[in-house]
file coords.txt (compact mmCIF, C-alpha atoms)
# COMPACT_ATOMS: atom_id res chain seq x y z
CA MET T 70 5.91 -10.07 12.10
CA ARG T 71 5.43 -6.35 12.53
CA PHE T 72 4.11 -4.51 9.47
CA VAL T 73 5.12 -0.93 8.80
CA ASP T 74 2.36 1.66 8.83
CA MET T 75 2.60 5.44 9.07
CA ASP T 76 2.70 5.41 12.87
CA LEU T 77 5.66 3.01 12.92
CA ALA T 78 7.42 4.96 10.16
CA ARG T 79 7.15 8.14 12.25
CA ARG T 80 8.40 6.25 15.30
CA LEU T 81 11.41 4.93 13.39
CA GLU T 82 12.33 8.17 11.67
CA MET T 83 12.08 10.26 14.83
CA ALA T 84 13.43 7.71 17.31
CA GLY T 85 16.72 9.52 17.76
CA HIS T 86 15.24 13.00 18.23
CA PRO T 87 13.63 14.82 21.17
CA ASP T 88 9.89 14.43 21.73
CA TRP T 89 9.19 18.10 21.10
CA ILE T 90 10.40 17.81 17.49
CA ALA T 91 7.12 16.14 16.52
CA ASP T 92 5.15 19.36 16.94
CA GLY T 93 7.86 22.06 17.07
CA GLU T 94 5.73 24.23 19.35
CA ASN T 95 6.90 26.43 22.22
CA ARG T 96 10.54 26.17 21.18
CA PRO T 97 12.98 28.73 19.81
CA ASP T 98 13.50 28.69 16.06
CA VAL T 99 17.06 27.43 16.42
CA VAL T 100 18.08 25.12 19.29
CA PRO T 101 21.84 25.02 20.02
CA LEU T 102 23.47 21.62 20.58
CA ALA T 103 26.38 20.62 22.80
CA ARG T 104 29.20 21.57 20.44
CA PRO T 105 29.49 25.31 19.64
CA GLY T 106 27.98 26.10 16.25
CA ASP T 107 25.87 22.93 16.07
CA ALA T 108 22.11 23.39 16.08
CA ARG T 109 18.74 21.91 15.12
CA ILE T 110 15.33 23.17 14.09
CA ALA T 111 11.93 21.53 13.95
CA VAL T 112 10.60 21.83 10.42
CA GLY T 113 7.97 20.16 8.23
CA GLY T 114 7.03 17.68 10.95
CA GLY T 115 10.65 16.53 11.18
CA VAL T 116 14.04 17.89 12.17
CA ALA T 117 16.99 19.55 10.46
CA GLU T 118 20.36 19.27 12.20
CA PHE T 119 23.70 20.94 11.54
CA ARG T 120 26.77 19.27 13.04
CA GLY T 121 29.47 20.73 10.85
CA VAL T 122 29.94 21.25 7.11
CA ASN T 123 30.37 17.89 5.35
CA SER T 124 29.52 15.94 8.53
CA PRO T 125 27.65 12.73 7.62
CA VAL T 126 24.97 13.55 10.22
CA THR T 127 24.30 17.09 8.98
CA GLN T 128 20.91 16.43 7.42
CA ALA T 129 17.14 16.67 7.77
CA GLU T 130 14.90 13.69 8.62
CA GLY T 131 11.23 12.92 9.11
CA LEU T 132 9.85 15.69 6.89
CA GLY T 133 6.54 15.05 5.13
CA LEU T 134 5.32 12.30 7.46
CA ASN T 135 2.56 14.52 8.84
CA GLY T 136 1.29 15.83 5.51
CA PRO T 137 2.60 18.28 2.90
CA VAL T 138 5.66 20.39 3.67
CA SER T 139 5.02 24.08 3.06
CA GLU T 140 7.17 26.35 0.93
CA GLU T 141 7.74 28.43 4.07
CA ASP T 142 9.18 25.43 5.90
CA LEU T 143 11.49 24.61 3.01
CA GLU T 144 12.65 28.22 2.81
CA ARG T 145 13.40 28.23 6.54
CA MET T 146 15.30 24.94 6.35
CA GLU T 147 17.35 26.08 3.36
CA LYS T 148 18.21 29.34 5.10
CA PHE T 149 19.24 27.36 8.20
CA TYR T 150 21.82 25.39 6.19
CA ARG T 151 22.87 28.09 3.74
CA SER T 152 23.65 30.52 6.58
CA ARG T 153 26.04 27.89 7.97
CA GLY T 154 27.78 27.30 4.65
CA SER T 155 26.30 23.84 4.20
CA ALA T 156 24.48 22.06 1.42
CA VAL T 157 21.01 20.75 2.27
CA PHE T 158 20.77 16.98 2.73
CA ILE T 159 17.34 15.44 3.31
CA GLU T 160 16.65 11.77 4.10
CA VAL T 161 13.15 11.08 2.77
CA CYS T 162 11.05 8.13 3.93
CA PRO T 163 9.02 6.58 1.07
CA MET T 164 5.88 7.08 3.15
CA ALA T 165 6.30 10.87 3.14
CA ASP T 166 3.59 12.92 1.47
CA PRO T 167 4.00 12.50 -2.35
CA SER T 168 3.83 16.25 -2.87
CA PHE T 169 7.02 16.66 -0.83
CA VAL T 170 9.17 14.78 -3.35
CA GLU T 171 7.58 16.68 -6.22
CA THR T 172 8.37 19.98 -4.50
CA LEU T 173 12.00 18.97 -3.98
CA GLY T 174 12.33 18.34 -7.72
CA GLN T 175 10.85 21.73 -8.49
CA ARG T 176 13.36 23.40 -6.16
CA GLY T 177 16.37 21.80 -7.84
CA TYR T 178 17.10 18.92 -5.47
CA ARG T 179 18.59 15.74 -6.86
CA VAL T 180 18.92 12.19 -5.60
CA LEU T 181 22.29 11.52 -3.97
CA GLU T 182 21.98 8.01 -2.58
CA PHE T 183 19.72 5.41 -0.99
CA SER T 184 19.76 3.72 2.42
CA ASN T 185 17.78 0.85 3.90
CA MET T 186 15.82 0.97 7.13
CA LEU T 187 15.98 -2.38 8.93
CA ILE T 188 14.04 -3.49 11.97
CA ARG T 189 13.91 -6.50 14.24
CA GLU T 190 11.57 -7.40 17.07
CA ILE T 191 13.20 -8.18 20.41
CA ASP T 192 11.87 -11.21 22.25
CA PRO T 193 12.17 -10.81 26.05
CA GLN T 194 13.08 -14.50 26.34
CA GLU T 195 15.56 -14.96 23.50
CA ALA T 196 19.22 -15.88 23.96
CA PHE T 197 21.86 -14.01 22.00
CA PRO T 198 25.03 -15.55 20.47
CA ALA T 199 28.13 -15.83 22.63
CA ILE T 200 31.08 -13.55 21.86
CA PRO T 201 34.01 -15.40 20.21
CA PRO T 202 37.14 -16.08 22.31
CA GLY T 203 39.69 -13.28 22.25
CA LEU T 204 37.05 -10.67 21.40
CA THR T 205 35.62 -8.39 24.08
CA ILE T 206 32.84 -5.78 23.91
CA HIS T 207 32.49 -3.14 26.62
CA THR T 208 30.84 0.23 27.08
CA ALA T 209 33.43 2.93 26.44
CA GLY T 210 34.06 5.29 29.33
CA PRO T 211 34.67 9.05 29.10
CA ALA T 212 38.44 8.55 29.10
CA GLU T 213 38.07 6.44 25.94
CA SER T 214 36.02 8.98 23.99
CA ARG T 215 38.82 9.91 21.61
CA LEU T 216 39.91 6.29 21.18
CA PHE T 217 36.33 5.22 20.41
CA ALA T 218 35.81 8.03 17.90
CA GLU T 219 39.10 7.41 16.10
CA THR T 220 38.48 3.66 15.91
CA VAL T 221 34.95 4.01 14.51
CA SER T 222 35.95 6.74 12.03
CA ARG T 223 38.86 4.64 10.74
CA GLY T 224 36.38 1.80 10.21
CA PHE T 225 34.47 4.08 7.84
CA ALA T 226 37.58 4.91 5.79
CA ASP T 227 36.33 3.01 2.74
CA HIS T 228 33.23 5.24 2.69
CA PHE T 229 34.68 8.64 3.58
CA GLU T 230 37.85 10.17 4.97
CA PRO T 231 38.11 10.00 8.79
CA THR T 232 38.49 13.75 9.26
CA GLU T 233 38.87 15.59 12.55
CA GLU T 234 35.33 16.88 12.06
CA LEU T 235 33.99 13.33 11.82
CA ILE T 236 35.96 12.27 14.90
CA ASN T 237 34.52 15.19 16.87
CA THR T 238 31.00 14.30 15.73
CA ILE T 239 31.41 10.69 16.87
CA GLN T 240 32.72 11.88 20.24
CA GLU T 241 29.35 13.56 20.77
CA PHE T 242 27.88 10.11 21.25
CA PHE T 243 29.33 10.27 24.76
CA SER T 244 27.37 13.36 25.76
CA ALA T 245 24.05 12.88 23.94
CA PRO T 246 21.19 11.64 26.18
CA GLY T 247 20.26 7.99 25.75
CA LEU T 248 23.32 7.04 23.68
CA VAL T 249 25.84 4.41 24.83
CA PRO T 250 29.06 3.73 22.87
CA TYR T 251 30.52 0.21 22.72
CA LEU T 252 34.16 -0.54 21.94
CA ALA T 253 35.32 -3.89 20.53
CA ARG T 254 38.81 -5.27 21.21
CA ILE T 255 40.67 -8.31 19.97
CA ASP T 256 43.40 -9.39 22.37
CA GLY T 257 43.17 -5.94 23.93
CA ARG T 258 43.52 -3.97 20.68
CA PRO T 259 40.63 -1.65 19.66
CA VAL T 260 39.18 -2.98 16.39
CA GLY T 261 35.69 -1.54 16.08
CA GLY T 262 32.77 0.11 17.79
CA GLY T 263 29.13 1.05 17.64
CA THR T 264 26.51 3.05 19.50
CA LEU T 265 23.22 2.08 21.09
CA GLY T 266 20.43 4.63 21.33
CA VAL T 267 17.37 3.79 23.43
CA ARG T 268 14.27 5.89 22.86
CA LYS T 269 10.53 5.22 22.87
CA GLY T 270 11.03 1.46 23.19
CA ILE T 271 13.38 1.27 20.20
CA ALA T 272 16.99 0.11 20.38
CA GLY T 273 18.77 2.04 17.64
CA LEU T 274 22.06 0.58 16.41
CA PHE T 275 24.15 3.40 14.98
CA GLY T 276 27.69 4.26 13.95
CA THR T 277 28.91 0.67 13.67
CA SER T 278 32.25 -0.02 12.00
CA THR T 279 35.19 -2.41 12.09
CA LEU T 280 38.78 -1.71 11.08
CA PRO T 281 39.30 -3.22 7.60
CA GLU T 282 42.09 -5.55 8.72
CA PHE T 283 39.84 -7.09 11.42
CA ARG T 284 36.74 -7.78 9.37
CA ARG T 285 35.45 -11.36 9.14
CA HIS T 286 36.40 -11.96 12.75
CA GLY T 287 32.85 -11.70 14.14
CA VAL T 288 33.28 -8.13 15.41
CA GLN T 289 30.12 -6.64 13.91
CA ALA T 290 28.05 -9.67 14.89
CA ALA T 291 29.24 -9.34 18.49
CA LEU T 292 28.52 -5.59 18.52
CA ILE T 293 25.01 -6.24 17.22
CA SER T 294 24.13 -8.99 19.70
CA THR T 295 25.62 -7.07 22.65
CA ARG T 296 23.51 -4.01 21.88
CA LEU T 297 20.39 -6.08 21.25
CA GLU T 298 20.82 -7.65 24.68
CA ALA T 299 21.29 -4.20 26.24
CA GLY T 300 18.20 -2.94 24.41
CA ARG T 301 16.18 -5.84 25.74
CA ALA T 302 17.39 -5.08 29.27
CA ALA T 303 16.22 -1.50 28.76
CA GLY T 304 12.71 -2.71 27.88
CA CYS T 305 12.87 -2.22 24.11
CA ASP T 306 10.51 -4.28 21.97
CA LEU T 307 12.04 -3.23 18.65
CA ALA T 308 15.50 -2.60 17.19
CA MET T 309 16.37 -0.54 14.14
CA SER T 310 19.38 0.33 12.03
CA VAL T 311 20.11 2.11 8.73
CA THR T 312 22.63 0.80 6.19
CA GLN T 313 23.71 1.21 2.61
CA PRO T 314 21.86 -1.27 0.36
CA SER T 315 23.56 -4.66 -0.04
CA SER T 316 26.41 -3.63 2.26
CA GLY T 317 28.29 -5.89 4.62
CA SER T 318 26.57 -4.12 7.50
CA GLN T 319 23.17 -4.99 6.05
CA ARG T 320 24.12 -8.64 5.68
CA ASN T 321 25.40 -8.79 9.27
CA LEU T 322 22.12 -7.35 10.54
CA GLU T 323 20.04 -9.73 8.43
CA ARG T 324 21.97 -12.68 9.83
CA GLN T 325 20.70 -11.63 13.26
CA GLY T 326 17.06 -11.33 12.33
CA PHE T 327 16.77 -7.81 10.92
CA ARG T 328 14.80 -7.20 7.73
CA VAL T 329 14.57 -4.29 5.34
CA VAL T 330 11.22 -2.52 5.74
CA TYR T 331 11.78 0.38 3.36
CA THR T 332 14.42 2.29 1.43
CA ARG T 333 15.06 5.97 2.13
CA THR T 334 16.21 8.44 -0.52
CA LYS T 335 18.75 11.15 0.25
CA PHE T 336 18.22 14.38 -1.67
CA VAL T 337 20.75 17.19 -1.89
CA ARG T 338 20.77 20.83 -2.95
CA ASP T 339 24.19 22.43 -2.85
CA TRP T 340 24.84 26.10 -3.57
CA ARG T 341 28.62 25.64 -3.23
CA ASP T 342 29.11 22.99 -5.91
CA SER T 343 26.31 22.25 -8.36
CA THR T 344 27.96 19.09 -9.70
CA ALA T 345 27.96 16.35 -7.07
CA LEU T 346 28.98 15.35 -3.58
CA ALA T 347 30.19 11.94 -2.48
CA GLY T 348 27.76 9.69 -0.63
CA THR T 349 27.72 10.02 3.14
CA THR T 350 25.66 7.15 4.48
CA ALA T 351 27.56 4.34 6.18
CA SER T 352 25.37 3.03 8.97
CA LEU T 353 25.53 6.37 10.72
call {"tool": "encode", "arguments": {"input": "coords.txt", "output": "structure tokens"}}
result
Amino acid sequence: MRFVDMDLARRLEMAGHPDWIADGENRPDVVPLARPGDARIAVGGGVAEFRGVNSPVTQAEGLGLNGPVSEEDLERMEKFYRSRGSAVFIEVCPMADPSFVETLGQRGYRVLEFSNMLIREIDPQEAFPAIPPGLTIHTAGPAESRLFAETVSRGFADHFEPTEELINTIQEFFSAPGLVPYLARIDGRPVGGGTLGVRKGIAGLFGTSTLPEFRRHGVQAALISTRLEAGRAAGCDLAMSVTQPSSGSQRNLERQGFRVVYTRTKFVRDWRDSTALAGTTASL
């Protein structure tokens, strides 16, 4: 069993981000992303990304894992989001410097929701479960980008509305380096999907959903095992995923050997609406 220390926490939190984010040196303050208007900055030892107002992946991650986060860094991050008309969302690992959470409270941040980080070691010799008859899993090609994005976003409908902005964000999975989208079909009909991200020996399972009317048909289990097998083929020794606590996604992952290693806390500060925002984590 692999125990989680600070080095592994940093590896997990930054697995989906470029190597240069860890130090933030020799880079422009704001790095544009593929879609016009989207951008990221290195800040506080982590990364802050903007991918559209109200997008579930517009948030900061990994801050405070290399020591205290300065007031200057927080000011720069807040300006980055405020100038784009967005609230600030920060996913905080429980191993972050304790002073970071205290500072967030002083600056008016509040807790929005929690999410669980799950990991699983990948044995080079293990056999993965067979896919049930009638169900197929395949990597989605460029011509299926819209179909994939619409299917996955509709699978999240019980968490948040499948808006055009969300569909566009999911379509980015086709162009981002190291990400491979998988589409699930039952008797030829698209019923779910999920993405595999391979980085630094970690197979990250992201953006997994199933259409509500096709749940309990083994779709998520097949998507998990297919991506684990692909991660093993890519030389990964570890797999990770993030879910809402006690969700169906968490249970499906635990059935295939994943375990919760820590719970992250999402903080929010919103200048547009000081009351509340709906939760945005759904295995994204």
call {"tool": "atom_distance", "arguments": {"input": "coords.txt", "atom1": "CA of Asp74 in chain T", "atom2": "CA of Val329 in chain T"}}
result
14.0 Å
call {"tool": "closest_residue", "arguments": {"input": "coords.txt", "among": "T:Ile255, T:Val260, T:Met186, T:Ala156", "to": "Phe217 in chain T", "atoms": "all atoms listed in the file"}}
result
T:Val260
call {"tool": "axis_aligned_box", "arguments": {"input": "coords.txt", "around": "range 73-92 of chain T", "padding_each_side": "3 Å", "output": "AutoDock Vina command-line options"}}
result
--center_x 9.5 --center_y 9.2 --center_z 15.3 --size_x 20.4 --size_y 26.3 --size_z 18.9
call {"tool": "residues_around", "arguments": {"input": "coords.txt", "residues": "Arg151 in chain T", "least_positions_apart": "3", "cutoff": "12 Å", "atoms": "only C-alpha atoms", "output": "ChimeraX atom specification"}}
result
/T:119,122,143-148,154-158,338-341
call {"tool": "residues_around", "arguments": {"input": "coords.txt", "residues": "Ala165 in chain T", "least_positions_apart": "6", "cutoff": "9 Å", "atoms": "only C-alpha atoms", "output": "list in words"}}
result
Met75, Gly131, Leu132, Gly133, Leu134, Asn135, Gly136 and Pro137 of chain T
call {"tool": "write_last_selection", "arguments": {"input": "coords.txt", "atoms": "C-alpha atoms", "output": "short mmCIF file (atom, residue, chain, number, x, y, z; two decimals), keeping the file's coordinate frame"}}
result
data_model
loop_
_atom_site.label_atom_id
_atom_site.label_comp_id
_atom_site.auth_asym_id
_atom_site.auth_seq_id
_atom_site.Cartn_x
_atom_site.Cartn_y
_atom_site.Cartn_z
CA MET T 75 2.60 5.44 9.07
CA GLY T 131 11.23 12.92 9.11
CA LEU T 132 9.85 15.69 6.89
CA GLY T 133 6.54 15.05 5.13
CA LEU T 134 5.32 12.30 7.46
CA ASN T 135 2.56 14.52 8.84
CA GLY T 136 1.29 15.83 5.51
CA PRO T 137 2.60 18.28 2.90
#
call {"tool": "closest_residue", "arguments": {"input": "coords.txt", "among": "T:Ala291, T:Leu274, T:Ala218, T:Ala78", "to": "Ile200 in chain T", "atoms": "all atoms listed in the file"}}
result
T:Ala291
call {"tool": "residues_around", "arguments": {"input": "coords.txt", "residues": "Val180 in chain T", "least_positions_apart": "2", "cutoff": "10 Å", "atoms": "only C-alpha atoms", "output": "ChimeraX atom specification"}}
result
/T:158-160,173-174,178,182-183,334-338
call {"tool": "residues_around", "arguments": {"input": "coords.txt", "residues": "range 223-233 of chain T", "least_positions_apart": "6", "cutoff": "7 Å", "atoms": "only C-alpha atoms", "output": "PyMOL selection string"}}
result
chain T and resi 261+278-281+351
call {"tool": "atom_distance", "arguments": {"input": "coords.txt", "atom1": "CA of Met309 in chain T", "atom2": "CA of Phe275 in chain T"}}
result
8.8 Å
call {"tool": "atom_distance", "arguments": {"input": "coords.txt", "atom1": "CA of Leu187 in chain T", "atom2": "CA of Ser310 in chain T"}}
result
5.3 Å
call {"tool": "closest_residue", "arguments": {"input": "coords.txt", "among": "T:Val73, T:Leu265, T:Ala302, T:Ala103", "to": "Tyr331 in chain T", "atoms": "only C-alpha atoms"}}
result
T:Val73
call {"tool": "decode", "arguments": {"input": "coords.txt", "residues": "range 252-267 of chain T", "atoms": "N, CA, C and O atoms", "output": "mmCIF file, in the first residue's frame"}}
result
data_model
loop_
_atom_site.group_PDB
_atom_site.id
_atom_site.type_symbol
_atom_site.label_atom_id
_atom_site.label_comp_id
_atom_site.auth_asym_id
_atom_site.auth_seq_id
_atom_site.Cartn_x
_atom_site.Cartn_y
_atom_site.Cartn_z
ATOM 1 N N LEU T 252 -15.443 7.047 -25.336
ATOM 2 C CA LEU T 252 -16.893 7.093 -25.494
ATOM 3 C C LEU T 252 -17.462 5.694 -25.298
ATOM 4 O O LEU T 252 -16.939 4.716 -25.849
ATOM 5 N N ALA T 253 -18.514 5.589 -24.491
ATOM 6 C CA ALA T 253 -19.178 4.308 -24.240
ATOM 7 C C ALA T 253 -20.484 4.251 -25.035
ATOM 8 O O ALA T 253 -21.224 5.244 -25.093
ATOM 9 N N ARG T 254 -20.753 3.093 -25.631
ATOM 10 C CA ARG T 254 -21.987 2.886 -26.388
ATOM 11 C C ARG T 254 -22.636 1.577 -25.960
ATOM 12 O O ARG T 254 -21.944 0.586 -25.680
ATOM 13 N N ILE T 255 -23.949 1.588 -25.930
ATOM 14 C CA ILE T 255 -24.722 0.366 -25.730
ATOM 15 C C ILE T 255 -25.548 0.148 -26.993
ATOM 16 O O ILE T 255 -26.363 1.001 -27.366
ATOM 17 N N ASP T 256 -25.299 -0.972 -27.634
ATOM 18 C CA ASP T 256 -25.950 -1.279 -28.915
ATOM 19 C C ASP T 256 -25.825 -0.113 -29.892
ATOM 20 O O ASP T 256 -26.762 0.230 -30.621
ATOM 21 N N GLY T 257 -24.655 0.512 -29.883
ATOM 22 C CA GLY T 257 -24.354 1.592 -30.819
ATOM 23 C C GLY T 257 -24.744 2.981 -30.354
ATOM 24 O O GLY T 257 -24.332 3.970 -30.961
ATOM 25 N N ARG T 258 -25.514 3.097 -29.284
ATOM 26 C CA ARG T 258 -25.979 4.404 -28.822
ATOM 27 C C ARG T 258 -25.004 4.976 -27.789
ATOM 28 O O ARG T 258 -24.646 4.278 -26.830
ATOM 29 N N PRO T 259 -24.580 6.224 -27.929
ATOM 30 C CA PRO T 259 -23.685 6.835 -26.935
ATOM 31 C C PRO T 259 -24.385 6.970 -25.589
ATOM 32 O O PRO T 259 -25.488 7.519 -25.505
ATOM 33 N N VAL T 260 -23.750 6.445 -24.523
ATOM 34 C CA VAL T 260 -24.399 6.446 -23.205
ATOM 35 C C VAL T 260 -23.511 7.017 -22.103
ATOM 36 O O VAL T 260 -23.965 7.192 -20.970
ATOM 37 N N GLY T 261 -22.258 7.301 -22.408
ATOM 38 C CA GLY T 261 -21.378 7.827 -21.372
ATOM 39 C C GLY T 261 -19.990 8.055 -21.926
ATOM 40 O O GLY T 261 -19.700 7.760 -23.095
ATOM 41 N N GLY T 262 -19.137 8.597 -21.086
ATOM 42 C CA GLY T 262 -17.771 8.851 -21.523
ATOM 43 C C GLY T 262 -16.881 9.242 -20.357
ATOM 44 O O GLY T 262 -17.339 9.460 -19.233
ATOM 45 N N GLY T 263 -15.614 9.306 -20.638
ATOM 46 C CA GLY T 263 -14.634 9.698 -19.628
ATOM 47 C C GLY T 263 -13.296 9.946 -20.290
ATOM 48 O O GLY T 263 -13.073 9.541 -21.442
ATOM 49 N N THR T 264 -12.418 10.631 -19.589
ATOM 50 C CA THR T 264 -11.128 11.025 -20.143
ATOM 51 C C THR T 264 -9.992 10.427 -19.341
ATOM 52 O O THR T 264 -10.068 10.307 -18.115
ATOM 53 N N LEU T 265 -8.944 10.049 -20.041
ATOM 54 C CA LEU T 265 -7.712 9.566 -19.416
ATOM 55 C C LEU T 265 -6.622 10.599 -19.636
ATOM 56 O O LEU T 265 -6.377 11.023 -20.770
ATOM 57 N N GLY T 266 -5.965 10.993 -18.559
ATOM 58 C CA GLY T 266 -4.806 11.874 -18.652
ATOM 59 C C GLY T 266 -3.585 11.170 -18.113
ATOM 60 O O GLY T 266 -3.603 10.667 -16.993
ATOM 61 N N VAL T 267 -2.531 11.073 -18.906
ATOM 62 C CA VAL T 267 -1.305 10.399 -18.487
ATOM 63 C C VAL T 267 -0.220 11.441 -18.306
ATOM 64 O O VAL T 267 0.122 12.164 -19.237
#
